Amino acid sequence: MVIKTRDKLIEVARQLFAHNGIENTTMNNIAEASDKGRRTIYTYFKNKREIYNAVIASETEQMITKLQELATLPIPPESKLMNFIFVRFDAVKELVLRNGSLRAEFFRDVRKVERARRCTTGREAAILTQILAEGVEKGVFRIKHVEQTAMVMILSLQGLDVHYIRNNFAELGIERLKLREYIKDFIMYGIKKQAVTQQMNL
């Protein structure tokens with residue numbers, strides 16, 4: 001398959017960023033490694049920041065595709081929700097670990113992480129909104145403000161990303177193998193004591 005010039009530049013830049021770091025990679029390096037002249041690379045990207053953003057967008061697109069496919073599966077909404085959470089965790093972990101420079105920045109520079117997340121936060125929330133809305137429609141979830149709840153959940157999950165990537169739940173007193181169970185219990189049942197009649201209906 002013929003790789004389009006822009007896509008090739010993005011992939012070459014990703015590899016260079018991962019191995020050499022963003023600061024140590026120049027536009028000249030990218031042009032040389034891709035066998036393209038400087039004029040060609042500047043036809044597609046004005047500067048290194050722009051090509052870095054394109055790399056992040058390309059990488060995160062894979063995660064969005066996985067989440068979109070999950071949302072269309074013929075499974076119960078509660079299963080979709082839990083699968084969404086952990087497919088997302090695993091996709092973020094894979095993305096970060098396969099890109100060395102991004103991995104370093106993910107743990108060091110919050111501002112760069114937030115810029116990277118801007119590519120996906122709204123789209124993740126939209127997919128999650130679809131799942132939650134389906135659950136409400138089928139009488140599985142009781143949510144008054146679906147879109148707002150979805151955004152709050154996405155932001156909350158982002159707060160767990162670093163711990164999931166580093167696999168440091170044990171030192172925090174959380175058994176990693178039981179994490180799914182803990183999250184399911186919290187999201188599905190909350191912390192407020194339910195009335196006996198409500199519990200019997202679950």
# chains A, B, ... in the order shown; residues from 1 in each chain; ligands from 1
$ residues_around --residues "Cys119 (chain A)" --least-positions-apart "6" --cutoff "8 Å" --atoms "only C-alpha atoms" --output "ChimeraX atom specification"
/A:56-57,60
$ residues_around --residues "region 16-19 of chain A" --least-positions-apart "4" --cutoff "12 Å" --atoms "only C-alpha atoms" --output "MDAnalysis selection string"
chainID A and resid 9:12 23:34 48:49 51:53 55:56 95:105
$ closest_residue --among "A:Val146, A:Ala170, A:Met188, A:Leu132" --to "Lys80 (chain A)" --atoms "only C-alpha atoms"
A:Leu132
$ residues_around --residues "Leu160 (chain A)" --least-positions-apart "3" --cutoff "12 Å" --atoms "only C-alpha atoms" --output "list in words"
Ile85, Phe86, Arg88, Phe89, Asp90, Val92, Lys93, Met153, Ile154, Leu155, Ser156, Leu157, His163, Tyr164, Ile165, Arg166, Asn167, Asn168, Phe169, Leu179 and Ile183 of chain A
$ closest_residue --among "A:Thr120, A:Asn83, A:Gln130, A:Gln148" --to "Lys184 (chain A)" --atoms "only C-alpha atoms"
A:Asn83
$ residues_around --residues "Lys138 (chain A)" --least-positions-apart "4" --cutoff "12 Å" --atoms "only C-alpha atoms" --output "ChimeraX atom specification"
/A:76-78,131-134,142-143
$ closest_residue --among "A:Asn47, A:Thr121, A:Gln158, A:Thr149" --to "Ile187 (chain A)" --atoms "only C-alpha atoms"
A:Thr149
$ residues_around --residues "region 61-66 of chain A" --least-positions-apart "2" --cutoff "7 Å" --atoms "only C-alpha atoms" --output "JSON, numbers by chain"
{"A": [57, 58, 59, 68, 69, 70, 88, 91, 124]}
$ write_last_selection --atoms "C-alpha atoms" --output "mmCIF file, in the first residue's frame"
data_model
loop_
_atom_site.group_PDB
_atom_site.id
_atom_site.type_symbol
_atom_site.label_atom_id
_atom_site.label_comp_id
_atom_site.auth_asym_id
_atom_site.auth_seq_id
_atom_site.Cartn_x
_atom_site.Cartn_y
_atom_site.Cartn_z
ATOM 1 C CA ALA A 57 -3.911 13.136 16.684
ATOM 2 C CA SER A 58 -2.890 10.141 14.571
ATOM 3 C CA GLU A 59 -2.058 8.027 17.607
ATOM 4 C CA GLN A 68 -16.513 3.732 18.620
ATOM 5 C CA GLU A 69 -16.557 0.062 17.633
ATOM 6 C CA LEU A 70 -17.241 -0.917 21.231
ATOM 7 C CA ARG A 88 -9.768 3.172 27.099
ATOM 8 C CA ALA A 91 -5.423 2.100 24.732
ATOM 9 C CA GLU A 124 -14.441 10.174 24.245
#
$ atom_distance --atom1 "CA of Asp7 (chain A)" --atom2 "CA of Ile41 (chain A)"
11.2 Å
$ decode --residues "region 82-188 of chain A" --atoms "C-alpha atoms" --output "PDB file, in the first residue's frame"
ATOM      1  CA  MET A  82     -17.230  -1.278  31.855  1.00  0.00           C
ATOM      2  CA  ASN A  83     -15.560  -2.370  28.621  1.00  0.00           C
ATOM      3  CA  PHE A  84     -15.336   1.275  27.537  1.00  0.00           C
ATOM      4  CA  ILE A  85     -13.470   2.147  30.741  1.00  0.00           C
ATOM      5  CA  PHE A  86     -10.868  -0.591  30.434  1.00  0.00           C
ATOM      6  CA  VAL A  87     -10.483  -0.524  26.653  1.00  0.00           C
ATOM      7  CA  ARG A  88      -9.768   3.172  27.099  1.00  0.00           C
ATOM      8  CA  PHE A  89      -7.264   2.555  29.933  1.00  0.00           C
ATOM      9  CA  ASP A  90      -5.413  -0.063  27.870  1.00  0.00           C
ATOM     10  CA  ALA A  91      -5.423   2.100  24.732  1.00  0.00           C
ATOM     11  CA  VAL A  92      -3.983   5.100  26.596  1.00  0.00           C
ATOM     12  CA  LYS A  93      -1.344   2.870  28.189  1.00  0.00           C
ATOM     13  CA  GLU A  94      -0.375   1.380  24.827  1.00  0.00           C
ATOM     14  CA  LEU A  95      -0.185   4.820  23.231  1.00  0.00           C
ATOM     15  CA  VAL A  96       2.021   6.246  25.960  1.00  0.00           C
ATOM     16  CA  LEU A  97       4.354   3.265  26.289  1.00  0.00           C
ATOM     17  CA  ARG A  98       4.948   2.949  22.552  1.00  0.00           C
ATOM     18  CA  ASN A  99       6.033   6.581  22.305  1.00  0.00           C
ATOM     19  CA  GLY A 100       9.091   7.193  24.440  1.00  0.00           C
ATOM     20  CA  SER A 101       9.007  10.980  24.463  1.00  0.00           C
ATOM     21  CA  LEU A 102       5.284  11.048  25.163  1.00  0.00           C
ATOM     22  CA  ARG A 103       5.843   8.619  28.030  1.00  0.00           C
ATOM     23  CA  ALA A 104       8.402  10.962  29.571  1.00  0.00           C
ATOM     24  CA  GLU A 105       6.152  13.984  29.143  1.00  0.00           C
ATOM     25  CA  PHE A 106       3.108  12.152  30.456  1.00  0.00           C
ATOM     26  CA  PHE A 107       4.783  11.838  33.840  1.00  0.00           C
ATOM     27  CA  ARG A 108       6.661  15.137  33.789  1.00  0.00           C
ATOM     28  CA  ASP A 109       4.813  17.914  32.004  1.00  0.00           C
ATOM     29  CA  VAL A 110       1.121  18.248  32.812  1.00  0.00           C
ATOM     30  CA  ARG A 111       0.614  21.014  30.271  1.00  0.00           C
ATOM     31  CA  LYS A 112       1.767  18.866  27.367  1.00  0.00           C
ATOM     32  CA  VAL A 113      -0.401  16.014  28.576  1.00  0.00           C
ATOM     33  CA  GLU A 114      -3.422  18.301  28.666  1.00  0.00           C
ATOM     34  CA  ARG A 115      -2.695  19.496  25.129  1.00  0.00           C
ATOM     35  CA  ALA A 116      -2.526  15.884  23.982  1.00  0.00           C
ATOM     36  CA  ARG A 117      -5.794  15.081  25.727  1.00  0.00           C
ATOM     37  CA  ARG A 118      -7.626  17.900  23.976  1.00  0.00           C
ATOM     38  CA  CYS A 119      -7.537  15.751  20.849  1.00  0.00           C
ATOM     39  CA  THR A 120      -9.762  13.119  22.417  1.00  0.00           C
ATOM     40  CA  THR A 121     -11.598  14.322  25.526  1.00  0.00           C
ATOM     41  CA  GLY A 122     -14.655  15.641  23.681  1.00  0.00           C
ATOM     42  CA  ARG A 123     -14.833  12.636  21.366  1.00  0.00           C
ATOM     43  CA  GLU A 124     -14.441  10.174  24.245  1.00  0.00           C
ATOM     44  CA  ALA A 125     -17.239  11.956  26.094  1.00  0.00           C
ATOM     45  CA  ALA A 126     -19.477  11.805  23.007  1.00  0.00           C
ATOM     46  CA  ILE A 127     -19.040   8.030  22.734  1.00  0.00           C
ATOM     47  CA  LEU A 128     -19.620   7.585  26.456  1.00  0.00           C
ATOM     48  CA  THR A 129     -22.730   9.783  26.190  1.00  0.00           C
ATOM     49  CA  GLN A 130     -24.066   7.386  23.568  1.00  0.00           C
ATOM     50  CA  ILE A 131     -23.523   4.416  25.901  1.00  0.00           C
ATOM     51  CA  LEU A 132     -25.080   6.137  28.907  1.00  0.00           C
ATOM     52  CA  ALA A 133     -28.051   7.354  26.867  1.00  0.00           C
ATOM     53  CA  GLU A 134     -28.679   3.815  25.680  1.00  0.00           C
ATOM     54  CA  GLY A 135     -28.602   2.634  29.293  1.00  0.00           C
ATOM     55  CA  VAL A 136     -31.092   5.317  30.315  1.00  0.00           C
ATOM     56  CA  GLU A 137     -33.386   4.450  27.422  1.00  0.00           C
ATOM     57  CA  LYS A 138     -33.338   0.782  28.401  1.00  0.00           C
ATOM     58  CA  GLY A 139     -33.976   1.580  32.060  1.00  0.00           C
ATOM     59  CA  VAL A 140     -30.579   0.322  33.215  1.00  0.00           C
ATOM     60  CA  PHE A 141     -29.082   3.683  34.253  1.00  0.00           C
ATOM     61  CA  ARG A 142     -30.707   6.509  36.166  1.00  0.00           C
ATOM     62  CA  ILE A 143     -28.957   9.673  34.990  1.00  0.00           C
ATOM     63  CA  LYS A 144     -30.487  13.146  34.868  1.00  0.00           C
ATOM     64  CA  HIS A 145     -27.783  14.901  32.876  1.00  0.00           C
ATOM     65  CA  VAL A 146     -26.237  12.368  30.507  1.00  0.00           C
ATOM     66  CA  GLU A 147     -23.784  14.598  28.608  1.00  0.00           C
ATOM     67  CA  GLN A 148     -22.473  16.287  31.746  1.00  0.00           C
ATOM     68  CA  THR A 149     -22.152  12.940  33.525  1.00  0.00           C
ATOM     69  CA  ALA A 150     -20.184  11.535  30.602  1.00  0.00           C
ATOM     70  CA  MET A 151     -17.726  14.452  30.674  1.00  0.00           C
ATOM     71  CA  VAL A 152     -17.247  14.169  34.449  1.00  0.00           C
ATOM     72  CA  MET A 153     -16.588  10.438  34.072  1.00  0.00           C
ATOM     73  CA  ILE A 154     -14.006  11.002  31.329  1.00  0.00           C
ATOM     74  CA  LEU A 155     -12.173  13.607  33.428  1.00  0.00           C
ATOM     75  CA  SER A 156     -12.257  11.237  36.399  1.00  0.00           C
ATOM     76  CA  LEU A 157     -10.835   8.384  34.328  1.00  0.00           C
ATOM     77  CA  GLN A 158      -8.030  10.652  33.134  1.00  0.00           C
ATOM     78  CA  GLY A 159      -7.078  11.066  36.771  1.00  0.00           C
ATOM     79  CA  LEU A 160      -6.407   7.312  36.945  1.00  0.00           C
ATOM     80  CA  ASP A 161      -4.375   7.108  33.731  1.00  0.00           C
ATOM     81  CA  VAL A 162      -0.943   7.564  35.325  1.00  0.00           C
ATOM     82  CA  HIS A 163      -1.633   4.976  38.022  1.00  0.00           C
ATOM     83  CA  TYR A 164      -2.894   2.493  35.429  1.00  0.00           C
ATOM     84  CA  ILE A 165       0.105   3.009  33.149  1.00  0.00           C
ATOM     85  CA  ARG A 166       2.581   2.679  35.996  1.00  0.00           C
ATOM     86  CA  ASN A 167       0.793  -0.334  37.493  1.00  0.00           C
ATOM     87  CA  ASN A 168       1.196   1.164  40.952  1.00  0.00           C
ATOM     88  CA  PHE A 169      -2.202   0.294  42.389  1.00  0.00           C
ATOM     89  CA  ALA A 170      -0.675  -2.228  44.803  1.00  0.00           C
ATOM     90  CA  GLU A 171       1.394   0.396  46.600  1.00  0.00           C
ATOM     91  CA  LEU A 172      -1.794   2.421  46.951  1.00  0.00           C
ATOM     92  CA  GLY A 173      -3.517  -0.498  48.652  1.00  0.00           C
ATOM     93  CA  ILE A 174      -5.579  -1.479  45.603  1.00  0.00           C
ATOM     94  CA  GLU A 175      -5.401  -4.949  44.095  1.00  0.00           C
ATOM     95  CA  ARG A 176      -5.052  -4.340  40.363  1.00  0.00           C
ATOM     96  CA  LEU A 177      -6.886  -7.534  39.427  1.00  0.00           C
ATOM     97  CA  LYS A 178      -9.876  -6.302  41.418  1.00  0.00           C
ATOM     98  CA  LEU A 179      -9.820  -2.787  39.962  1.00  0.00           C
ATOM     99  CA  ARG A 180     -12.614  -3.564  37.507  1.00  0.00           C
ATOM    100  CA  GLU A 181     -14.762  -4.853  40.359  1.00  0.00           C
ATOM    101  CA  TYR A 182     -14.082  -1.761  42.481  1.00  0.00           C
ATOM    102  CA  ILE A 183     -14.873   0.653  39.646  1.00  0.00           C
ATOM    103  CA  LYS A 184     -18.005  -1.259  38.697  1.00  0.00           C
ATOM    104  CA  ASP A 185     -19.225  -1.224  42.285  1.00  0.00           C
ATOM    105  CA  PHE A 186     -18.610   2.518  42.578  1.00  0.00           C
ATOM    106  CA  ILE A 187     -20.183   3.505  39.261  1.00  0.00           C
ATOM    107  CA  MET A 188     -23.098   1.096  39.227  1.00  0.00           C
TER     108      MET A 188
END
